[in-house]
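Have a look at data34.cif below; it lists mmCIF, C-alpha atoms.
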data_upload
loop_
_atom_site.label_atom_id
_atom_site.label_comp_id
_atom_site.auth_asym_id
_atom_site.auth_seq_id
_atom_site.Cartn_x
_atom_site.Cartn_y
_atom_site.Cartn_z
CA MET A 626 -172.00 -185.92 -64.56
CA LYS A 627 -168.24 -186.16 -64.99
CA LEU A 628 -166.73 -186.71 -68.44
CA LYS A 629 -165.48 -190.25 -69.02
CA CYS A 630 -161.92 -190.29 -70.33
CA GLY A 631 -159.02 -192.69 -70.22
CA LEU A 632 -156.02 -194.34 -71.79
CA LEU A 633 -156.19 -197.10 -74.40
CA GLY A 634 -153.30 -199.53 -74.69
CA GLU A 635 -152.34 -203.18 -74.51
CA LYS A 636 -150.46 -203.22 -71.17
CA LEU A 637 -151.10 -200.30 -68.83
CA SER A 638 -150.58 -201.50 -65.26
CA HIS A 639 -147.59 -199.21 -64.70
CA SER A 640 -149.05 -196.09 -66.31
CA TYR A 641 -148.84 -192.76 -64.46
CA SER A 642 -151.47 -191.12 -66.67
CA PRO A 643 -154.39 -191.49 -64.19
CA ARG A 644 -152.29 -189.78 -61.52
CA ILE A 645 -151.47 -186.89 -63.87
CA HIS A 646 -155.00 -186.37 -65.18
CA ALA A 647 -156.43 -186.46 -61.66
CA GLU A 648 -154.45 -183.28 -61.00
CA LEU A 649 -155.17 -181.63 -64.35
CA GLY A 650 -158.95 -181.87 -64.67
CA ASN A 651 -162.23 -182.88 -63.04
CA TYR A 652 -163.13 -185.97 -65.08
CA GLU A 653 -162.92 -189.75 -64.82
CA TYR A 654 -159.75 -191.22 -66.26
CA LEU A 655 -159.59 -195.00 -66.58
CA LEU A 656 -157.03 -197.45 -67.91
CA CYS A 657 -158.51 -199.39 -70.83
CA GLU A 658 -156.42 -202.43 -71.69
CA LYS A 659 -157.56 -203.97 -74.98
CA ALA A 660 -156.32 -206.78 -77.19
CA PRO A 661 -155.73 -205.83 -80.86
CA GLU A 662 -159.00 -207.43 -81.99
CA GLU A 663 -160.97 -205.33 -79.46
CA VAL A 664 -159.62 -201.91 -80.45
CA GLU A 665 -161.91 -201.07 -83.37
CA ASP A 666 -165.14 -201.81 -81.50
CA PHE A 667 -163.92 -199.94 -78.41
CA ILE A 668 -162.90 -196.82 -80.35
CA ARG A 669 -166.08 -196.71 -82.42
CA HIS A 670 -168.59 -197.66 -79.75
CA GLY A 671 -166.91 -197.23 -76.36
CA ASP A 672 -168.50 -195.08 -73.65
CA TYR A 673 -166.04 -192.20 -73.44
CA ALA A 674 -165.76 -188.49 -74.20
CA GLY A 675 -162.00 -188.45 -74.66
CA MET A 676 -159.37 -191.16 -74.94
CA ASN A 677 -155.59 -191.13 -75.00
CA VAL A 678 -153.90 -193.86 -77.03
CA THR A 679 -150.53 -195.45 -76.37
CA ILE A 680 -148.36 -198.35 -77.57
CA PRO A 681 -149.15 -200.22 -79.79
CA TYR A 682 -152.32 -198.56 -81.12
CA LYS A 683 -151.32 -195.06 -82.25
CA LYS A 684 -151.26 -196.03 -85.93
CA THR A 685 -154.26 -198.37 -85.64
CA VAL A 686 -156.58 -195.66 -84.35
CA LEU A 687 -155.60 -193.34 -87.20
CA LYS A 688 -157.89 -195.32 -89.54
CA LEU A 689 -160.81 -195.48 -87.12
CA VAL A 690 -161.60 -191.78 -86.58
CA ASP A 691 -163.77 -189.56 -88.76
CA GLU A 692 -161.52 -186.52 -88.86
CA LEU A 693 -157.84 -185.85 -88.21
CA SER A 694 -156.11 -182.74 -86.97
CA PRO A 695 -153.38 -181.40 -89.28
CA THR A 696 -150.77 -182.67 -86.81
CA ALA A 697 -152.24 -186.18 -86.69
CA ARG A 698 -152.49 -186.26 -90.47
CA ALA A 699 -148.90 -185.09 -90.89
CA THR A 700 -147.50 -187.60 -88.37
CA GLY A 701 -149.68 -190.55 -89.29
CA SER A 702 -150.17 -191.13 -85.58
CA VAL A 703 -153.07 -190.48 -83.17
CA ASN A 704 -152.71 -190.39 -79.39
CA THR A 705 -155.88 -188.46 -78.49
CA VAL A 706 -159.46 -189.20 -79.62
CA ILE A 707 -162.40 -186.90 -78.89
CA ARG A 708 -166.00 -188.08 -79.22
CA ARG A 709 -168.02 -185.10 -80.40
CA LYS A 710 -171.65 -184.38 -79.54
CA ASP A 711 -172.74 -185.85 -82.88
CA GLN A 712 -170.76 -189.02 -81.94
CA SER A 713 -168.17 -188.45 -84.68
CA LEU A 714 -164.55 -189.11 -83.70
CA PHE A 715 -161.78 -186.53 -83.93
CA GLY A 716 -158.18 -187.74 -83.82
CA ASP A 717 -155.32 -185.51 -82.69
CA ASN A 718 -151.68 -185.86 -81.72
CA THR A 719 -150.48 -184.15 -78.54
CA ASP A 720 -147.13 -186.00 -78.49
CA VAL A 721 -145.71 -183.40 -80.88
CA TYR A 722 -146.55 -180.65 -78.41
CA GLY A 723 -145.18 -182.69 -75.49
CA PHE A 724 -141.91 -183.47 -77.24
CA THR A 725 -141.46 -179.87 -78.32
CA ARG A 726 -141.83 -178.78 -74.71
CA LEU A 727 -139.31 -181.45 -73.65
CA VAL A 728 -136.73 -180.10 -76.08
CA GLU A 729 -137.35 -176.59 -74.75
CA LYS A 730 -136.83 -177.85 -71.18
CA SER A 731 -133.55 -179.52 -72.18
CA GLY A 732 -132.20 -176.24 -73.55
CA ALA A 733 -130.98 -177.99 -76.71
CA ASN A 734 -130.80 -176.01 -79.94
CA LEU A 735 -131.35 -178.62 -82.67
CA LYS A 736 -131.80 -176.34 -85.68
CA ASP A 737 -129.78 -177.56 -88.70
CA LYS A 738 -128.34 -180.45 -86.63
CA LYS A 739 -128.49 -184.18 -87.30
CA VAL A 740 -130.63 -185.95 -84.71
CA LEU A 741 -130.79 -189.74 -84.51
CA VAL A 742 -134.28 -190.99 -83.69
CA LEU A 743 -134.19 -194.55 -82.38
CA GLY A 744 -137.28 -196.49 -83.41
CA SER A 745 -139.91 -196.15 -86.13
CA GLY A 746 -143.20 -196.58 -84.23
CA GLY A 747 -145.96 -194.10 -83.46
CA SER A 748 -143.88 -192.03 -81.05
CA SER A 749 -141.07 -191.83 -83.58
CA LEU A 750 -143.44 -190.31 -86.16
CA SER A 751 -144.38 -187.57 -83.70
CA VAL A 752 -140.76 -186.87 -82.76
CA VAL A 753 -139.65 -186.68 -86.39
CA HIS A 754 -142.46 -184.24 -87.20
CA ALA A 755 -141.55 -182.03 -84.23
CA LEU A 756 -137.87 -182.09 -85.17
CA ASN A 757 -138.69 -181.08 -88.73
CA GLN A 758 -140.72 -178.17 -87.39
CA MET A 759 -137.66 -177.11 -85.35
CA GLY A 760 -135.47 -177.14 -88.45
CA ALA A 761 -133.48 -180.17 -87.30
CA ARG A 762 -132.33 -183.01 -89.57
CA PRO A 763 -133.83 -186.20 -88.10
CA VAL A 764 -132.54 -189.63 -89.15
CA VAL A 765 -134.61 -192.63 -88.09
CA ILE A 766 -132.61 -195.64 -86.89
CA SER A 767 -134.56 -198.91 -86.99
CA ARG A 768 -133.71 -202.60 -86.95
CA SER A 769 -134.18 -203.14 -90.68
CA GLY A 770 -134.41 -199.73 -92.33
CA GLU A 771 -131.89 -198.00 -94.56
CA ASN A 772 -130.32 -196.50 -91.45
CA ASN A 773 -129.97 -199.26 -88.87
CA TYR A 774 -127.83 -200.46 -86.00
CA THR A 775 -125.26 -202.04 -88.35
CA ASN A 776 -124.26 -198.80 -90.08
CA LEU A 777 -124.20 -196.31 -87.19
CA SER A 778 -120.70 -195.24 -88.25
CA LEU A 779 -122.39 -193.22 -91.02
CA HIS A 780 -123.79 -190.95 -88.33
CA ALA A 781 -120.79 -190.14 -86.14
CA ASP A 782 -121.59 -186.47 -86.79
CA ALA A 783 -124.95 -186.66 -84.97
CA ARG A 784 -125.53 -183.89 -82.42
CA ALA A 785 -128.43 -185.48 -80.54
CA VAL A 786 -130.05 -188.86 -79.89
CA VAL A 787 -133.74 -189.42 -79.12
CA ASN A 788 -134.89 -192.86 -77.98
CA THR A 789 -138.52 -193.62 -78.86
CA THR A 790 -138.24 -197.39 -78.35
CA PRO A 791 -139.28 -199.23 -75.15
CA LEU A 792 -135.76 -200.67 -74.77
CA GLY A 793 -134.65 -200.14 -71.18
CA MET A 794 -138.16 -199.49 -69.83
CA TYR A 795 -139.28 -201.12 -66.57
CA PRO A 796 -139.03 -204.05 -65.94
CA GLU A 797 -136.30 -204.49 -68.58
CA ASN A 798 -134.04 -201.94 -66.87
CA GLY A 799 -130.43 -201.73 -67.95
CA ARG A 800 -130.83 -202.32 -71.70
CA GLN A 801 -129.92 -199.82 -74.41
CA ALA A 802 -129.92 -199.89 -78.21
CA LEU A 803 -126.48 -198.37 -78.76
CA SER A 804 -123.50 -196.76 -77.08
CA LEU A 805 -123.31 -192.98 -77.08
CA ARG A 806 -119.54 -193.25 -77.35
CA LEU A 807 -120.04 -193.79 -81.08
CA PHE A 808 -121.06 -190.15 -81.42
CA PRO A 809 -118.36 -187.76 -80.16
CA HIS A 810 -120.25 -184.54 -80.96
CA LEU A 811 -123.46 -185.12 -78.99
CA GLU A 812 -125.06 -182.09 -77.35
CA ALA A 813 -128.26 -183.71 -76.05
CA VAL A 814 -129.78 -187.11 -75.29
CA LEU A 815 -133.54 -187.48 -74.84
CA ASP A 816 -135.25 -190.72 -73.84
CA LEU A 817 -139.04 -190.87 -73.96
CA ILE A 818 -138.97 -193.54 -71.23
CA TYR A 819 -139.67 -192.20 -67.73
CA ASN A 820 -139.62 -195.43 -65.71
CA PRO A 821 -136.85 -195.81 -64.69
CA ALA A 822 -136.02 -192.14 -64.31
CA ARG A 823 -132.57 -192.79 -65.78
CA THR A 824 -132.34 -195.52 -68.38
CA ALA A 825 -128.98 -197.06 -69.23
CA LEU A 826 -128.85 -194.60 -72.15
CA LEU A 827 -129.32 -191.61 -69.85
CA LEU A 828 -126.83 -192.95 -67.31
CA GLU A 829 -124.24 -193.21 -70.07
CA ALA A 830 -125.04 -189.64 -71.09
CA ASP A 831 -124.44 -188.54 -67.49
CA GLU A 832 -121.10 -190.35 -67.45
CA LEU A 833 -120.07 -188.60 -70.67
CA GLY A 834 -121.25 -185.19 -69.47
CA ILE A 835 -123.97 -184.88 -72.13
CA PRO A 836 -127.15 -182.98 -71.13
CA ALA A 837 -129.99 -185.51 -70.92
CA GLU A 838 -133.70 -185.68 -70.11
CA ASN A 839 -136.18 -188.51 -69.66
CA GLY A 840 -139.75 -188.52 -70.98
CA LEU A 841 -141.69 -187.58 -67.83
CA TYR A 842 -141.94 -183.90 -68.76
CA MET A 843 -143.19 -184.84 -72.24
CA LEU A 844 -145.77 -187.16 -70.66
CA VAL A 845 -147.11 -184.39 -68.42
CA MET A 846 -147.15 -181.75 -71.15
CA GLN A 847 -148.91 -183.95 -73.70
CA ALA A 848 -151.41 -184.83 -70.95
CA LYS A 849 -151.97 -181.10 -70.38
CA LYS A 850 -152.74 -180.66 -74.07
CA SER A 851 -155.02 -183.72 -74.09
CA SER A 852 -156.85 -182.48 -71.02
CA GLU A 853 -157.51 -179.17 -72.77
CA LEU A 854 -159.00 -181.09 -75.69
CA PHE A 855 -161.15 -183.22 -73.37
CA THR A 856 -162.62 -180.27 -71.49
CA GLY A 857 -162.25 -177.31 -73.85
CA MET A 858 -160.53 -175.39 -71.02
CA LYS A 859 -156.98 -173.99 -70.99
CA ILE A 860 -154.59 -175.18 -68.29
CA ASP A 861 -151.96 -172.86 -66.89
CA ASP A 862 -148.38 -174.02 -67.43
CA ALA A 863 -147.65 -173.51 -63.72
CA LYS A 864 -150.23 -176.17 -62.85
CA ALA A 865 -148.64 -178.69 -65.21
CA GLU A 866 -145.17 -177.83 -63.91
CA LYS A 867 -146.33 -178.53 -60.36
CA VAL A 868 -147.76 -181.89 -61.43
CA TYR A 869 -144.42 -182.71 -63.05
CA SER A 870 -142.27 -181.80 -60.04
CA THR A 871 -144.57 -183.64 -57.63
CA LEU A 872 -144.62 -186.77 -59.76
CA GLU A 873 -140.86 -186.68 -60.26
CA SER A 874 -140.39 -186.58 -56.50
CA GLU A 875 -142.94 -189.31 -55.79
CA MET A 876 -141.57 -191.69 -58.42
CA LYS A 877 -137.99 -191.65 -57.21
CA ASN A 878 -136.83 -193.93 -54.43
CA ILE A 879 -134.99 -192.50 -51.44
CA ALA A 880 -131.83 -194.60 -51.10
CA LEU A 881 -129.88 -194.33 -47.84
CA ILE A 882 -126.16 -195.11 -47.89
CA GLY A 883 -123.53 -194.79 -45.18
CA MET A 884 -121.28 -196.60 -42.75
CA PRO A 885 -122.51 -199.64 -40.76
CA GLY A 886 -124.26 -198.35 -37.68
CA CYS A 887 -124.86 -194.81 -38.97
CA GLY A 888 -128.63 -195.15 -38.55
CA LYS A 889 -129.92 -196.07 -42.01
CA SER A 890 -132.55 -198.52 -40.75
CA SER A 891 -134.00 -196.20 -38.09
CA VAL A 892 -134.02 -193.20 -40.46
CA ALA A 893 -135.73 -195.37 -43.09
CA GLU A 894 -138.46 -196.25 -40.59
CA LYS A 895 -139.05 -192.59 -39.77
CA LEU A 896 -139.09 -191.63 -43.46
CA ALA A 897 -141.68 -194.35 -44.08
CA LEU A 898 -143.92 -192.81 -41.43
CA LEU A 899 -143.46 -189.29 -42.81
CA THR A 900 -143.98 -190.21 -46.48
CA ASN A 901 -146.12 -193.37 -46.43
CA ARG A 902 -143.50 -195.16 -48.54
CA GLU A 903 -142.57 -198.84 -48.42
CA ILE A 904 -139.17 -199.76 -46.95
CA LEU A 905 -136.91 -202.10 -48.92
CA ASP A 906 -134.15 -203.24 -46.54
CA CYS A 907 -131.16 -204.90 -48.21
CA ASP A 908 -129.79 -206.63 -45.11
CA GLY A 909 -133.28 -207.83 -44.24
CA GLU A 910 -133.66 -209.27 -47.73
CA VAL A 911 -130.34 -211.09 -47.37
CA GLU A 912 -131.81 -212.89 -44.37
CA HIS A 913 -135.09 -213.51 -46.19
CA ARG A 914 -133.36 -215.12 -49.18
CA SER A 915 -130.60 -217.02 -47.39
CA GLY A 916 -131.93 -217.69 -43.92
CA LEU A 917 -128.84 -215.99 -42.51
CA SER A 918 -128.35 -212.55 -41.01
CA ALA A 919 -125.93 -210.27 -42.87
CA GLU A 920 -123.38 -210.86 -40.09
CA LYS A 921 -123.63 -214.67 -40.25
CA TYR A 922 -123.60 -214.62 -44.06
CA ILE A 923 -120.34 -212.65 -44.15
CA LEU A 924 -118.73 -214.77 -41.42
CA GLY A 925 -119.82 -218.04 -43.02
CA ARG A 926 -119.48 -217.38 -46.75
CA GLY A 927 -117.16 -214.39 -46.98
CA GLU A 928 -117.59 -210.78 -47.99
CA ALA A 929 -117.24 -211.44 -51.75
CA GLU A 930 -120.24 -213.80 -51.77
CA PHE A 931 -122.19 -211.37 -49.62
CA ARG A 932 -121.55 -208.56 -52.14
CA LYS A 933 -122.82 -210.74 -54.99
CA LEU A 934 -126.09 -211.37 -53.19
CA GLU A 935 -126.37 -207.72 -52.17
CA THR A 936 -126.02 -206.60 -55.79
CA GLU A 937 -128.63 -209.15 -56.88
CA ILE A 938 -131.00 -207.67 -54.30
CA LEU A 939 -130.22 -204.09 -55.36
CA ARG A 940 -130.86 -205.07 -58.97
CA ASP A 941 -134.40 -206.04 -57.97
CA PHE A 942 -135.06 -203.27 -55.45
CA SER A 943 -133.75 -200.42 -57.60
CA LYS A 944 -136.31 -201.15 -60.32
CA ARG A 945 -139.07 -200.16 -57.92
CA SER A 946 -140.44 -196.63 -57.69
CA GLY A 947 -141.44 -194.47 -54.73
CA CYS A 948 -139.82 -196.64 -52.06
CA ILE A 949 -137.18 -196.19 -49.35
CA LEU A 950 -134.04 -198.26 -49.88
CA SER A 951 -131.97 -199.00 -46.80
CA THR A 952 -128.69 -200.32 -48.19
CA GLY A 953 -125.77 -202.19 -46.67
CA GLY A 954 -122.78 -200.12 -45.58
CA GLY A 955 -120.50 -201.60 -48.24
CA CYS A 956 -122.78 -201.46 -51.28
CA VAL A 957 -120.71 -198.54 -52.60
CA THR A 958 -117.68 -200.84 -53.00
CA VAL A 959 -119.27 -202.57 -56.02
CA GLU A 960 -119.17 -200.49 -59.22
CA GLU A 961 -122.33 -202.04 -60.69
CA ASN A 962 -124.33 -200.72 -57.75
CA TYR A 963 -123.65 -197.13 -58.80
CA ARG A 964 -125.82 -197.47 -61.91
CA LEU A 965 -128.39 -199.55 -60.08
CA LEU A 966 -128.97 -196.82 -57.50
CA LYS A 967 -128.70 -193.92 -59.91
CA GLN A 968 -131.38 -195.23 -62.28
CA ASN A 969 -134.33 -194.55 -60.02
CA SER A 970 -133.22 -193.11 -56.68
CA PHE A 971 -132.29 -189.93 -54.87
CA THR A 972 -129.28 -191.21 -52.92
CA VAL A 973 -128.48 -189.74 -49.50
CA TRP A 974 -125.27 -190.32 -47.54
CA LEU A 975 -126.01 -190.39 -43.80
CA LYS A 976 -122.81 -189.13 -42.17
CA ARG A 977 -121.94 -189.88 -38.57
CA ASP A 978 -118.74 -189.30 -36.60
CA PRO A 979 -116.70 -192.55 -36.95
CA ALA A 980 -115.93 -192.42 -33.22
CA LEU A 981 -119.64 -192.94 -32.55
CA LEU A 982 -120.13 -195.89 -34.91
CA PRO A 983 -120.77 -199.25 -33.21
CA THR A 984 -119.03 -202.48 -34.23
CA ASP A 985 -121.25 -205.08 -32.56
CA GLY A 986 -122.74 -207.37 -35.21
CA ARG A 987 -120.64 -205.70 -37.90
CA PRO A 988 -117.79 -208.07 -38.81
CA ILE A 989 -116.14 -205.87 -41.44
CA SER A 990 -116.03 -202.86 -39.09
CA ARG A 991 -114.43 -205.06 -36.43
CA ALA A 992 -111.92 -206.62 -38.81
CA GLU A 993 -110.71 -203.44 -40.51
CA GLY A 994 -111.33 -200.87 -37.81
CA VAL A 995 -113.97 -198.17 -38.13
CA LYS A 996 -111.59 -195.29 -38.87
CA ALA A 997 -109.72 -197.19 -41.59
CA LEU A 998 -112.98 -198.42 -43.12
CA TYR A 999 -114.43 -194.91 -43.10
CA ALA A 1000 -111.32 -193.46 -44.76
CA LYS A 1001 -111.59 -196.06 -47.53
CA ARG A 1002 -115.32 -195.70 -48.13
CA ALA A 1003 -115.90 -191.95 -47.67
CA PRO A 1004 -114.86 -191.07 -51.28
CA LEU A 1005 -117.23 -193.77 -52.55
CA TYR A 1006 -120.15 -192.52 -50.48
CA ARG A 1007 -119.48 -189.01 -51.77
CA ARG A 1008 -119.47 -190.23 -55.39
CA PHE A 1009 -122.75 -192.12 -55.01
CA ALA A 1010 -124.58 -189.43 -53.07
CA ASP A 1011 -126.97 -186.79 -54.39
CA ALA A 1012 -126.94 -185.23 -50.90
CA GLU A 1013 -124.96 -185.56 -47.67
CA ILE A 1014 -126.79 -185.33 -44.35
CA GLU A 1015 -125.23 -185.25 -40.90
CA VAL A 1016 -127.08 -187.61 -38.57
CA GLY A 1017 -128.84 -185.42 -36.01
CA GLU A 1018 -129.65 -185.91 -32.36
CA SER A 1019 -133.03 -187.41 -33.24
CA THR A 1020 -134.08 -189.77 -36.00
CA GLU A 1021 -136.97 -187.51 -36.98
CA GLU A 1022 -134.64 -184.52 -37.30
CA THR A 1023 -132.43 -186.51 -39.66
CA ALA A 1024 -135.38 -187.82 -41.69
CA ARG A 1025 -136.78 -184.32 -42.15
CA ALA A 1026 -133.34 -183.10 -43.23
CA VAL A 1027 -133.33 -185.82 -45.90
CA LEU A 1028 -136.72 -184.67 -47.21
CA LYS A 1029 -135.59 -181.03 -47.29
CA ALA A 1030 -132.48 -182.00 -49.26
CA ILE A 1031 -134.65 -183.79 -51.84
CA GLU A 1032 -136.95 -180.77 -52.09
CA ARG A 1033 -134.00 -178.43 -52.66
CA LYS A 1034 -132.63 -180.73 -55.36
CA ILE A 1035 -135.93 -180.84 -57.23
CA ASP A 1036 -136.43 -177.07 -57.01
CA SER A 1037 -132.90 -176.30 -58.22
#

Turn the structure described in the file into structure tokens.
Amino acid sequence: MKLKCGLLGEKLSHSYSPRIHAELGNYEYLLCEKAPEEVEDFIRHGDYAGMNVTIPYKKTVLKLVDELSPTARATGSVNTVIRRKDQSLFGDNTDVYGFTRLVEKSGANLKDKKVLVLGSGGSSLSVVHALNQMGARPVVISRSGENNYTNLSLHADARAVVNTTPLGMYPENGRQALSLRLFPHLEAVLDLIYNPARTALLLEADELGIPAENGLYMLVMQAKKSSELFTGMKIDDAKAEKVYSTLESEMKNIALIGMPGCGKSSVAEKLALLTNREILDCDGEVEHRSGLSAEKYILGRGEAEFRKLETEILRDFSKRSGCILSTGGGCVTVEENYRLLKQNSFTVWLKRDPALLPTDGRPISRAEGVKALYAKRAPLYRRFADAEIEVGESTEETARAVLKAIERKIDS
């Protein structure tokens, strides 16, 4: 009979933990959503062999187990519970291990450096403990503590920022607790959020040229450690690394950009067949929301109004994960769309000889001329793109070239 394991939390519908544990070990792994008043009975009497614990119950469970590991005791936070053969409960903390591995992946050397830790919840306790073990100097920033968001000027000398709050997590994409521009000496930014892949905080780090990592690697590595506790069997790092790279690829959207008529819609359809992903078509959504085709919308209401609606659609679509986004040819002309696409997508510029681009049904191409429009937009496509693909003789050839480009990017 398989071991029964799972994840305890309040809201878990978007968790990737079942997907990860399915690859790591041969045991059941269920999502266990519980209200606060249900937690004690579930932990003490639930039918499970091992249970991970997430927001907001990491501190709650601390008081419900019979024995704590030294790490759990030191952090005051439990994220893994093991039910022993005698039915006693052992509480451990694998977040410390996961975060330590994340710092190693980032390449940051935090010894003797001030690190701002945003948030004071259960994850913050684990991060602070790990940072202390590394010889760093963590400073917790909270809403009402001694160090808070009103006196950040005291910490302009910080060398790293770690976000442990849920601010900016799906579906509240785009939010961040502070601006990194307040800290001119930053060497690393780590955000424990992994959905979206790039929070507003990480996007700002990219813009400032600061090395940054999201929390997906930490999630996988702490799951590896938890799985070892569940089963009593060691897991090779290579196996966990493969789970991480696969999940990273699957979670990201594939966003297609390029000139009107370059083949985005047909390539999107072929990619959907090859990858079993859902297509999100921006021009199609314009028609769905307005009752007008993209062409009629532009002709009737003007390009400026069309761009506003297009950005509204991208704001919704770009929050999704694991989809194919077929964008409008001019989405790159709106600055806001850069961040929207970068937060959760691998963006591919489909390039086609301007002489071969059609103008039928494309009012902007007709009005400005294809060559002039291409000359104006090419630098924007290049800025947005993670890869550039020449449109091949067949749609399938082009789609497979897109997938190879994504694979190369992930492996690099």

Which polymer residues have any atom within 8 Å of an atom of region 828-831 of chain A, counting only C-alpha atoms, with same-chain residues fewer than 3 positions away left out, as a PyMOL selection string? chain A and resi 804-805+814+823-825+834-837+964+967-968

Same residues, C-alpha atoms, saved as a compact mmCIF listing (two decimals), in the coordinates of the input:
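File written: again-v8.txt
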# COMPACT_ATOMS: atom_id res chain seq x y z
CA SER A 804 -123.50 -196.76 -77.08
CA LEU A 805 -123.31 -192.98 -77.08
CA VAL A 814 -129.78 -187.11 -75.29
CA ARG A 823 -132.57 -192.79 -65.78
CA THR A 824 -132.34 -195.52 -68.38
CA ALA A 825 -128.98 -197.06 -69.23
CA GLY A 834 -121.25 -185.19 -69.47
CA ILE A 835 -123.97 -184.88 -72.13
CA PRO A 836 -127.15 -182.98 -71.13
CA ALA A 837 -129.99 -185.51 -70.92
CA ARG A 964 -125.82 -197.47 -61.91
CA LYS A 967 -128.70 -193.92 -59.91
CA GLN A 968 -131.38 -195.23 -62.28

Enumerate, as a list of chain:residue names, the residues matched when the PyMOL selection byres ((chain A and resi 683-699) around 8) is run on the file above.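 That selection, the PyMOL selection byres ((chain A and resi 683-699) around 8), comes back as A:Val664, A:Glu665, A:Ile668, A:Arg669, A:Val678, A:Thr679, A:Ile680, A:Pro681, A:Tyr682, A:Thr700, A:Gly701, A:Ser702, A:Val703, A:Asn704, A:Val706, A:Ser713, A:Leu714, A:Phe715, A:Gly716, A:Asp717, A:Asn718, A:Val721, A:Gly747, A:His754.
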
Check what the PyMOL selection byres ((chain A and resi 903-907) around 9) selects in the file above and give those residues as a list in words.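 Evaluating the PyMOL selection byres ((chain A and resi 903-907) around 9) on this file yields Ser890, Ala893, Glu894, Leu896, Ala897, Thr900, Asn901, Arg902, Asp908, Gly909, Glu910, Val911, Glu912, Glu935, Ile938, Leu939, Phe942, Gly947, Cys948, Ile949, Leu950, Ser951, Thr952 and Gly953 of chain A.
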
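One finds CA of Ala863 (chain A) at 23.5 Å from CA of Asp816 (chain A).
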
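Selection result for the displayed file, with the PyMOL selection byres ((chain A and resi 635-643) around 7) as criterion, is Gly634, Arg644, Ile645, His646, Ala647, Tyr654, Leu655, Leu656, Glu658, Lys659, Ala660, Ile680 and Pro681 of chain A.
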
Residues within 12 Å of (-129.5, -184.2, -84.6), counting only C-alpha atoms, listed as a PyMOL selection string: chain A and resi 728+733-743+752-753+756-757+759-765+780-787+808+810-815

Residues within 12 Å of Ala980 (chain A), all atoms listed in the file, excluding chain neighbours under 6 positions, as a PDB file with C-alpha atoms, keeping the file's coordinate frame:
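Contents of the output file result_32.pdb:
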ATOM      1  CA  MET A 884    -121.280-196.600 -42.750  1.00  0.00           C
ATOM      2  CA  GLY A 886    -124.260-198.350 -37.680  1.00  0.00           C
ATOM      3  CA  CYS A 887    -124.860-194.810 -38.970  1.00  0.00           C
ATOM      4  CA  SER A 990    -116.030-202.860 -39.090  1.00  0.00           C
ATOM      5  CA  GLY A 994    -111.330-200.870 -37.810  1.00  0.00           C
ATOM      6  CA  VAL A 995    -113.970-198.170 -38.130  1.00  0.00           C
ATOM      7  CA  LYS A 996    -111.590-195.290 -38.870  1.00  0.00           C
ATOM      8  CA  ALA A 997    -109.720-197.190 -41.590  1.00  0.00           C
ATOM      9  CA  LEU A 998    -112.980-198.420 -43.120  1.00  0.00           C
ATOM     10  CA  TYR A 999    -114.430-194.910 -43.100  1.00  0.00           C
TER      11      TYR A 999
END

For a test of reading the model, state the distance in Å between CA of Phe667 (chain A) and CA of Lys849 (chain A), rounded to one decimal. 23.7 Å

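One finds CA of Thr790 (chain A) at 14.2 Å from CA of Ser769 (chain A).
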
Of the residues A:Ala1000, A:Cys630, A:Ile879, A:Leu803, which is the one nearest to Leu827 (chain A), using only C-alpha atoms? A:Leu803

Which neighbours of Asp985 (chain A) fall inside 10 Å, counting all atoms listed in the file, when residues of the same chain fewer than 6 positions from it are skipped, and could you give them as number ranges by chain? A: 885-886, 920, 991

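Proximity to Glu873 (chain A) at 10 Å, evaluated using only C-alpha atoms and with sequence-adjacent residues fewer than 6 positions away removed, yields Tyr819, Ala822, Leu841, Tyr842, Lys867, Gly947 and Ile1035 of chain A.
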
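Taking all atoms listed in the file into account, Arg987 (chain A) lies nearest to A:Tyr922 out of the set A:Phe855, A:Tyr922, A:Tyr795, A:Tyr652.
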
Judged by all atoms listed in the file, the minimum distance to Gly888 (chain A) among A:Asn677, A:Ser915, A:Ser748, A:Thr1023 is found for A:Thr1023

Give me the residues near Thr958 (chain A) as JSON, numbers by chain, where near means some atom within 10 Å (using only C-alpha atoms) and where sequence neighbours in that chain fewer than 3 positions away do not count. {"A": [932, 954, 955, 961, 962, 963, 1001, 1002, 1005, 1006]}
